[in-house]
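Colleague: Below: one structure in structure tokens.
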Amino acid sequence: MKKKRNILKKVLLICCMVGLLFTLTCYENYSEVAAASKASYKIVNKRQVKRYKDHKAEYLYQLPQLKGKSAAIKKINKSIMADYKKTFEYKRNLFDYFDVLKKSSHTYIFYLNKCKVTYNQKGYVSFKFTSSWYAGGIGETKDYGLTYRLRDGKKMTVQDVVYGKRSSVKKKIADTYAKKVYRIGYKYIMKMKYSDIDFYVKPGKKVCVCFGPYQPMGGHGRSVIVLKGKI
């Protein structure tokens, strides 16, 4: 009888240990999900300035970097860093122009790429960039975005975030642009690649699709159309 009681005690002890382990595992998984629902980040000003008397050339890229050491976070930061490196050509051109224009009447030329977070919840983060260029003559300004899923670091495409069938997203964008901005732009948008369509996400299931500085068959300038989103 005493032997049976000892066995029963051991069984109960094992069950308690398994239950405790299960509880801790659930808690840890919950914490991971909660942590992944919103990104922690910083924005670093990557600035370089050249001066000559009262003339100035300024390059600025506001670089967002997510905090964390997971594979997903590293993947996102690497993707954003690649976008930053794409602007080095603008920087080189800007300072080349400055060597020519520093004795002209153009006292300030620039390339400024400013960033702000437009969405950071439910496991996604979206950055809006406003890029402005002026080196004499006509300046250019455009908006674009980078949107990521925090769970795995995936860079989202416009097909991932616009509500409806993936195959009909481009037509939905073209229809909205033709109605809200310029009718002739419809055919131009339908010929675009999905990878060339710029967008960022805002709360309230809004996807802001960006065009500019040269709008589809609509002249110089920028415009944004808003579509219903999935997130």
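Just remember, in the structure tokens the first chain shown is A, the second B, etc., residues are 1-based per chain, and ligands are 1-based in the order shown.
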Step one, run DSSP on the backbone; step two, keep only residues of stretch 27-135 of chain A assigned to alpha helix (DSSP H); then write them as a ChimeraX atom specification.
Modeller: /A:27-36,71-86,88-101
Colleague: If we count only C-alpha atoms, what is near stretch 205-222 of chain A at a cut-off of 7 Å, once residues fewer than 2 positions away on the same chain are taken out, given as a VMD selection string?
Modeller: chain A and resid 140 to 144 162 182 184 to 185 188 to 189 198 to 203 224 to 231
Colleague: Could you state the separation of atom CA of A:Met81 and atom CA of A:Thr157 in Å, given to one decimal place?
Modeller: 17.9 Å
Colleague: Report the distance between atom CA of A:Gly68 and atom CA of A:Arg151 in Å, rounded to one decimal place.
Modeller: 12.5 Å
Colleague: Please identify which residues in stretch 92-130 of chain A DSSP calls strand (DSSP E) from the backbone, and express them as a list in words.
Modeller: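 Checking each residue of stretch 92-130 of chain A, the strand (DSSP E) ones are Tyr108, Ile109, Phe110, Tyr111, Leu112, Asn113, Lys114, Cys115, Lys116, Val117, Thr118, Tyr119, Asn120, Gln121, Tyr124, Val125, Ser126, Phe127, Lys128, Phe129 and Thr130 of chain A.
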Colleague: One decimal, in Å: what's the spacing between atom CA of A:Val44 and atom CA of A:Ser131?
Modeller: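 For atom CA of A:Val44 relative to atom CA of A:Ser131, the distance reads 15.8 Å.
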Colleague: Skipping near chain neighbours, those fewer than 4 positions away, what residues fall within 9 Å of A:Ile73 using only C-alpha atoms, listed as a PyMOL selection string?
Modeller: chain A and resi 65-69+77-78+150-153
Colleague: Go ahead and dump the residues you just picked, C-alpha atoms, as a PDB file, in the first residue's frame.
Modeller:
```pdb
ATOM      1  CA  GLN A  65      15.987  51.043 -37.728  1.00  0.00           C
ATOM      2  CA  LEU A  66      13.956  48.560 -35.695  1.00  0.00           C
ATOM      3  CA  LYS A  67      15.256  47.504 -32.294  1.00  0.00           C
ATOM      4  CA  GLY A  68      15.770  43.807 -31.674  1.00  0.00           C
ATOM      5  CA  LYS A  69      17.970  40.860 -32.631  1.00  0.00           C
ATOM      6  CA  ASN A  77      16.613  46.555 -41.176  1.00  0.00           C
ATOM      7  CA  LYS A  78      18.598  45.110 -44.072  1.00  0.00           C
ATOM      8  CA  LEU A 150       6.939  41.841 -38.070  1.00  0.00           C
ATOM      9  CA  ARG A 151       6.390  38.098 -37.668  1.00  0.00           C
ATOM     10  CA  ASP A 152       8.773  37.119 -40.455  1.00  0.00           C
ATOM     11  CA  GLY A 153      10.168  40.401 -41.815  1.00  0.00           C
TER      12      GLY A 153
END
```
Colleague: With only C-alpha atoms as the basis for distance, which of A:Thr147, A:Ser167, A:Ser79, A:Ser104 is at the shortest distance from A:Val117?
Modeller: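 Closest to A:Val117, using only C-alpha atoms: A:Thr147.
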Colleague: Looking at only C-alpha atoms, which of A:Ala57, A:Leu63, A:Met156, A:Ala178 is the one that sits closest to A:Asn93?
Modeller: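 Going through A:Ala57, A:Leu63, A:Met156, A:Ala178 one by one, the smallest distance to A:Asn93 is for A:Ala57.
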Colleague: Extract, using only C-alpha atoms, all DNA, RNA and protein residues at most 7 Å from A:Lys170, discarding same-chain residues fewer than 3 positions from it, and format them as a PyMOL selection string.
Modeller: chain A and resi 173-174+190
Colleague: Can I get the selected residues back with N, CA and C atoms, as a PDB file, in the first residue's frame?
Modeller:
```
ATOM      1  N   ILE A 173      -6.702  50.146 -58.483  1.00  0.00           N
ATOM      2  CA  ILE A 173      -5.875  51.349 -58.390  1.00  0.00           C
ATOM      3  C   ILE A 173      -6.111  52.238 -59.603  1.00  0.00           C
ATOM      4  N   ALA A 174      -6.110  51.636 -60.792  1.00  0.00           N
ATOM      5  CA  ALA A 174      -6.292  52.404 -62.032  1.00  0.00           C
ATOM      6  C   ALA A 174      -7.667  53.070 -62.078  1.00  0.00           C
ATOM      7  N   MET A 190      -2.284  50.410 -65.710  1.00  0.00           N
ATOM      8  CA  MET A 190      -2.509  49.005 -66.028  1.00  0.00           C
ATOM      9  C   MET A 190      -1.274  48.345 -66.639  1.00  0.00           C
TER      10      MET A 190
END
```
Colleague: Select, from A:Ile109, A:Cys115, A:Ile76, A:Ala39, the residue with the minimum atom-to-atom distance to A:Tyr61, counting only C-alpha atoms.
Modeller: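 Distance minimum relative to A:Tyr61 lands on A:Cys115.
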Colleague: Hey, which of A:Val49, A:Ile43, A:Ile197, A:Val158 ends up closest to A:Lys114? Count only C-alpha atoms.
Modeller: A:Ile43
Colleague: Do a neighbour search on A:Tyr52 at 9 Å with only C-alpha atoms, toss out local chain neighbours closer than 4 positions, and write the hits as a PyMOL selection string.
Modeller: chain A and resi 56-57+102-103
Colleague: Using only C-alpha atoms, which residue out of A:Asp160, A:Val169, A:Arg149, A:Asp83 lies closest to A:Asn120?
Modeller: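 Between A:Asp160, A:Val169, A:Arg149, A:Asp83, the residue approaching A:Asn120 most closely is A:Arg149.
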